[in-house]
Amino acid sequence: MAVWIQAQQLQGDALHQMQSLYGQHFPIEVRHYLSQWIEGQLWDAIDLENPQEELKAKRLLDSLIQELQKKAEHQVGEDGFLLKIKLGHYASQLKSTYDRCPLELVRCIKHILYTEQRLVREATNSSSPVGSLMDSMSQKYHQINQAFEELRVLTQDTENDLRKLQHNQEYFIIQYQESLRIQAQLSSLATLPPADRQLREPSLLSKRATVEAWLTREANTLQKYRLGLAEKHQKTLALLRKQQTVILDDELIQWKRRQQLAGNGGPPEGGLDILQSWCEKLAETIWQNRQQIRRAEHLRQQLPIPGPIEELLTELNSTITDIISTLVTSTFIIEKQPPQVLKTQTKFAATVRLLVGGKLNVHMNPPQVKATIISEQQAKALLKNENTRNDSSGEILNNNCVMEYHQTTGTLSAHFRNMSLKRIRRSDRRGAESVTEEKFTILFESQFSVGGNELVFQVKGRVPFIVPDKVLWPQLCEALNMKYKAEVQSNRGLSEENLVFLAQKAFSSSCVNPEDYRNMTMTWSQFNRESLPGRNFTFWQWFDGVMELTKKHLKPHWNDGAILGFVNKQQAQDMLMSKPNGTFLLRFSDSEIGGITIAWVAENPNKAGERMVWNLMPYTTKDFSIRSLADRISDLNHLLFLYPDRPKDEVFSKYYTPPLSKAVDGYVKPQIKQVVPEFATPNPDPAANPTYMDHAASPAVNQPHAYGLYPPIGDPMLDADGDFDLDDTMDVARHVEELLRRPMEGQWSGQQS
């Protein structure tokens, strides 16, 4: 169903949010009448950060205007006449607005479509059986919005009280001036004759007494009003601080955490639109209350009345300044993180954003952001507010950028598009720390002025990586699974059995119960510093090698479930010995980084009637760059069934390389085949079966094997454990391939091609 059709069914706050997306920058009527066309365009194909994409954006703008004009021309009748005029006006308006900046139109429509999709998705999920999480989120959002409504009411209440106080104080000052006038009149009586003075003095004294009594009462009333207003502001600021804590310390921190996880393979962190709207409401409410407190202070200075109000206002002003400072410094965030691994002389990008930039009018004096690279120690010192020298740990080119305000989306951000690390200065490493363990961070710094330079904030964005000394195994499992799925780009993650295998490898344990590992912890040294027992590589190096191999060469087979992978040699033997001869499985090599081996069950050629499990020398990326896994399995006729009982053709045939074409102009194309001499079988008709495969019966049928055709002599390519030395074989294969590629006249003397 089209997004627009679903968006029109939104209700309540979701409908209000959807409606607020539209305005003069993009009328809702355009969205309505061109909904199908708008949703059919490839807006996401345009990179907003690439100025060269402006031509594509211009074509989309022109097409949009043409569609509007076409729609207008087809309107007939009385109602159609008015709509025709309106749509024509919108076409002219959009052309005028975006003709010089078509990328802004793309940014605007992408923002609209993304928000509509999110609102529709949230509304759909909350009404579905699997929407319990969304219900929880909706409840949290409701509580936040409810708190904002309470803050709005409180702020309006204090605004009314402040106006009333100001009105009363102005009247008090008028009466005070009246008392001064009466006092002046009384003083002037001294110059009058006694008879006149006696005639006028009683009346003036009575007036003075009345006015002074009123002033005394009114001064007490004003003091009560001031104290009452201050107490209301205290309540408002307490709720403001609580609301800000929920948004900044809970919601924004969670978004940052999701962003960190997304960098390690987790799901996307999601947009910032809701967070920005909350932060903007906070900024607006904080600023209104700050202005009220300043006006109350001005009234106190205008009419000083002894009492505790001066101290209260000082405290309120300090609190509100602290709240707004926290808001501004906390909402200066890195929207698009730089890469986790930087190389010198290589371009990289990053985007920083101020979530309250629009509401506080920071863009009126566009701030500049500077990026520098600092060491982990410097970053930690900055977090503790320790005085550190303003030194960097390297040099970054193109590291200054001015923040730009995008009116259509209301975002204030700086896009560093072409940064490059020119050089890096490393510290002296101690102990076992390797160069890859030394961490740096990109520090983004700026200075924002708020309220016409009334407040100036120094901001820094980037929390350094925090690597704990040790983590619980279940936490590490979650991270490993997330990383594996992201690297391999697969929905098939690590099963509980896979994770038990990894635990056995990590802790050199033989326990098979997952619960045995639940409370175990793994240190950084165990993870990526200490070699595994009997190996010259660490746990992480082994696991990373598995991911790389799977990502580059084995992804379809992993997704198909054809690779068991995380199985050791003994487990493979136990599994295969109960299966018919020719059953095989694929497991990752224990002894080599980024290797995968084939284990299969077959007769022992040295002992009649005895069966054994054979293990082929592991394949690596180097081998698969010559011939794929599927083709290698196709070459080996003795491999019949993928564990537990699937015919191998059923699993792998769709990945076999098609047969080579017949000879052309007398030339025959060469091809490489993999052979394990101990298990090779002749093929009577190569043309009919170019992959040299046996068509075997099902595992339930005892099928006689032709292995006896080859004498069971010792072969240098199979070791005592039955491991096949593929390196020697591949050397021969490469030599043959090289010979085949040489010019014919160089190989056959005396013959012409």
# chains A, B, ... in the order shown; residues from 1 in each chain; ligands from 1

call {"tool": "residues_around", "arguments": {"residues": "stretch 43-57 of chain A", "least_positions_apart": "6", "cutoff": "9 Å", "atoms": "only C-alpha atoms", "output": "PDB file with N, CA, C and O atoms, in the first residue's frame"}}
result
ATOM      1  N   CYS A 101      18.856  25.803  -5.590  1.00  0.00           N
ATOM      2  CA  CYS A 101      19.352  24.813  -4.621  1.00  0.00           C
ATOM      3  C   CYS A 101      18.510  23.542  -4.701  1.00  0.00           C
ATOM      4  O   CYS A 101      17.803  23.199  -3.747  1.00  0.00           O
ATOM      5  N   PRO A 102      18.537  22.839  -5.831  1.00  0.00           N
ATOM      6  CA  PRO A 102      17.669  21.658  -5.999  1.00  0.00           C
ATOM      7  C   PRO A 102      17.962  20.538  -5.008  1.00  0.00           C
ATOM      8  O   PRO A 102      17.078  19.730  -4.713  1.00  0.00           O
ATOM      9  N   LEU A 103      19.199  20.471  -4.495  1.00  0.00           N
ATOM     10  CA  LEU A 103      19.505  19.437  -3.512  1.00  0.00           C
ATOM     11  C   LEU A 103      18.679  19.614  -2.245  1.00  0.00           C
ATOM     12  O   LEU A 103      18.384  18.636  -1.546  1.00  0.00           O
ATOM     13  N   GLU A 104      18.298  20.856  -1.958  1.00  0.00           N
ATOM     14  CA  GLU A 104      17.470  21.109  -0.777  1.00  0.00           C
ATOM     15  C   GLU A 104      16.061  20.530  -0.951  1.00  0.00           C
ATOM     16  O   GLU A 104      15.433  20.099   0.007  1.00  0.00           O
ATOM     17  N   LEU A 105      15.574  20.526  -2.186  1.00  0.00           N
ATOM     18  CA  LEU A 105      14.283  19.886  -2.455  1.00  0.00           C
ATOM     19  C   LEU A 105      14.373  18.390  -2.164  1.00  0.00           C
ATOM     20  O   LEU A 105      13.485  17.816  -1.531  1.00  0.00           O
ATOM     21  N   VAL A 106      15.459  17.762  -2.631  1.00  0.00           N
ATOM     22  CA  VAL A 106      15.653  16.331  -2.381  1.00  0.00           C
ATOM     23  C   VAL A 106      15.742  16.066  -0.884  1.00  0.00           C
ATOM     24  O   VAL A 106      15.134  15.132  -0.362  1.00  0.00           O
ATOM     25  N   ARG A 107      16.489  16.913  -0.174  1.00  0.00           N
ATOM     26  CA  ARG A 107      16.624  16.763   1.276  1.00  0.00           C
ATOM     27  C   ARG A 107      15.256  16.856   1.951  1.00  0.00           C
ATOM     28  O   ARG A 107      14.925  16.075   2.841  1.00  0.00           O
ATOM     29  N   ILE A 109      12.169  16.329   0.612  1.00  0.00           N
ATOM     30  CA  ILE A 109      11.270  15.216   0.309  1.00  0.00           C
ATOM     31  C   ILE A 109      11.744  13.937   0.987  1.00  0.00           C
ATOM     32  O   ILE A 109      10.922  13.148   1.476  1.00  0.00           O
ATOM     33  N   LYS A 110      13.055  13.715   1.049  1.00  0.00           N
ATOM     34  CA  LYS A 110      13.573  12.539   1.760  1.00  0.00           C
ATOM     35  C   LYS A 110      13.166  12.579   3.230  1.00  0.00           C
ATOM     36  O   LYS A 110      12.786  11.571   3.820  1.00  0.00           O
ATOM     37  N   HIS A 415      29.136  19.433   7.605  1.00  0.00           N
ATOM     38  CA  HIS A 415      29.487  18.209   6.877  1.00  0.00           C
ATOM     39  C   HIS A 415      30.963  18.271   6.473  1.00  0.00           C
ATOM     40  O   HIS A 415      31.331  19.040   5.592  1.00  0.00           O
ATOM     41  N   ARG A 417      33.431  16.725   4.427  1.00  0.00           N
ATOM     42  CA  ARG A 417      33.341  15.786   3.309  1.00  0.00           C
ATOM     43  C   ARG A 417      34.689  15.230   2.864  1.00  0.00           C
ATOM     44  O   ARG A 417      34.762  14.128   2.337  1.00  0.00           O
TER      45      ARG A 417
END

call {"tool": "select_by_dssp", "arguments": {"residues": "stretch 500-566 of chain A", "states": "strand (DSSP E or B)", "output": "ChimeraX atom specification"}}
result
/A:521-523,531,538,565

call {"tool": "write_last_selection", "arguments": {"atoms": "N, CA, C and O atoms", "output": "CSV table (one decimal), in the first residue's frame"}}
result
chain,number,residue,atom,x,y,z
A,521,THR,N,34.0,-14.7,32.4
A,521,THR,CA,34.4,-13.5,31.8
A,521,THR,C,35.6,-13.7,30.9
A,521,THR,O,36.4,-14.6,31.2
A,522,MET,N,35.7,-12.8,30.0
A,522,MET,CA,36.9,-12.9,29.0
A,522,MET,C,37.6,-11.5,29.1
A,522,MET,O,37.0,-10.5,28.9
A,523,THR,N,38.9,-11.6,29.3
A,523,THR,CA,39.7,-10.4,29.3
A,523,THR,C,40.1,-10.0,27.9
A,523,THR,O,40.1,-10.8,27.0
A,531,SER,N,47.9,-15.8,22.5
A,531,SER,CA,47.7,-16.8,21.5
A,531,SER,C,46.9,-18.0,22.1
A,531,SER,O,47.0,-18.3,23.3
A,538,THR,N,45.6,-15.3,18.0
A,538,THR,CA,44.6,-15.1,19.1
A,538,THR,C,43.2,-15.6,18.7
A,538,THR,O,42.9,-15.9,17.5
A,565,GLY,N,30.6,-25.3,9.9
A,565,GLY,CA,31.6,-24.3,10.3
A,565,GLY,C,32.3,-24.5,11.6
A,565,GLY,O,33.4,-25.0,11.8

call {"tool": "closest_residue", "arguments": {"among": "A:Glu251, A:Glu445, A:Glu218, A:Glu150", "to": "A:Leu237", "atoms": "only C-alpha atoms"}}
result
A:Glu150

call {"tool": "closest_residue", "arguments": {"among": "A:Gln368, A:Gln378, A:Ser446, A:Asn264", "to": "A:Tyr484", "atoms": "only C-alpha atoms"}}
result
A:Asn264

call {"tool": "select_by_dssp", "arguments": {"residues": "stretch 357-565 of chain A", "states": "helix (DSSP H, G or I)", "output": "PyMOL selection string"}}
result
chain A and resi 362-364+376-383+435-437+473-488+496-507+514-517+524-528+539-560

call {"tool": "residues_around", "arguments": {"residues": "stretch 290-293 of chain A", "least_positions_apart": "2", "cutoff": "12 Å", "atoms": "only C-alpha atoms", "output": "count of residues only"}}
result
52

call {"tool": "atom_distance", "arguments": {"atom1": "atom CA of A:Leu639", "atom2": "atom CA of A:Arg627"}}
result
17.0 Å
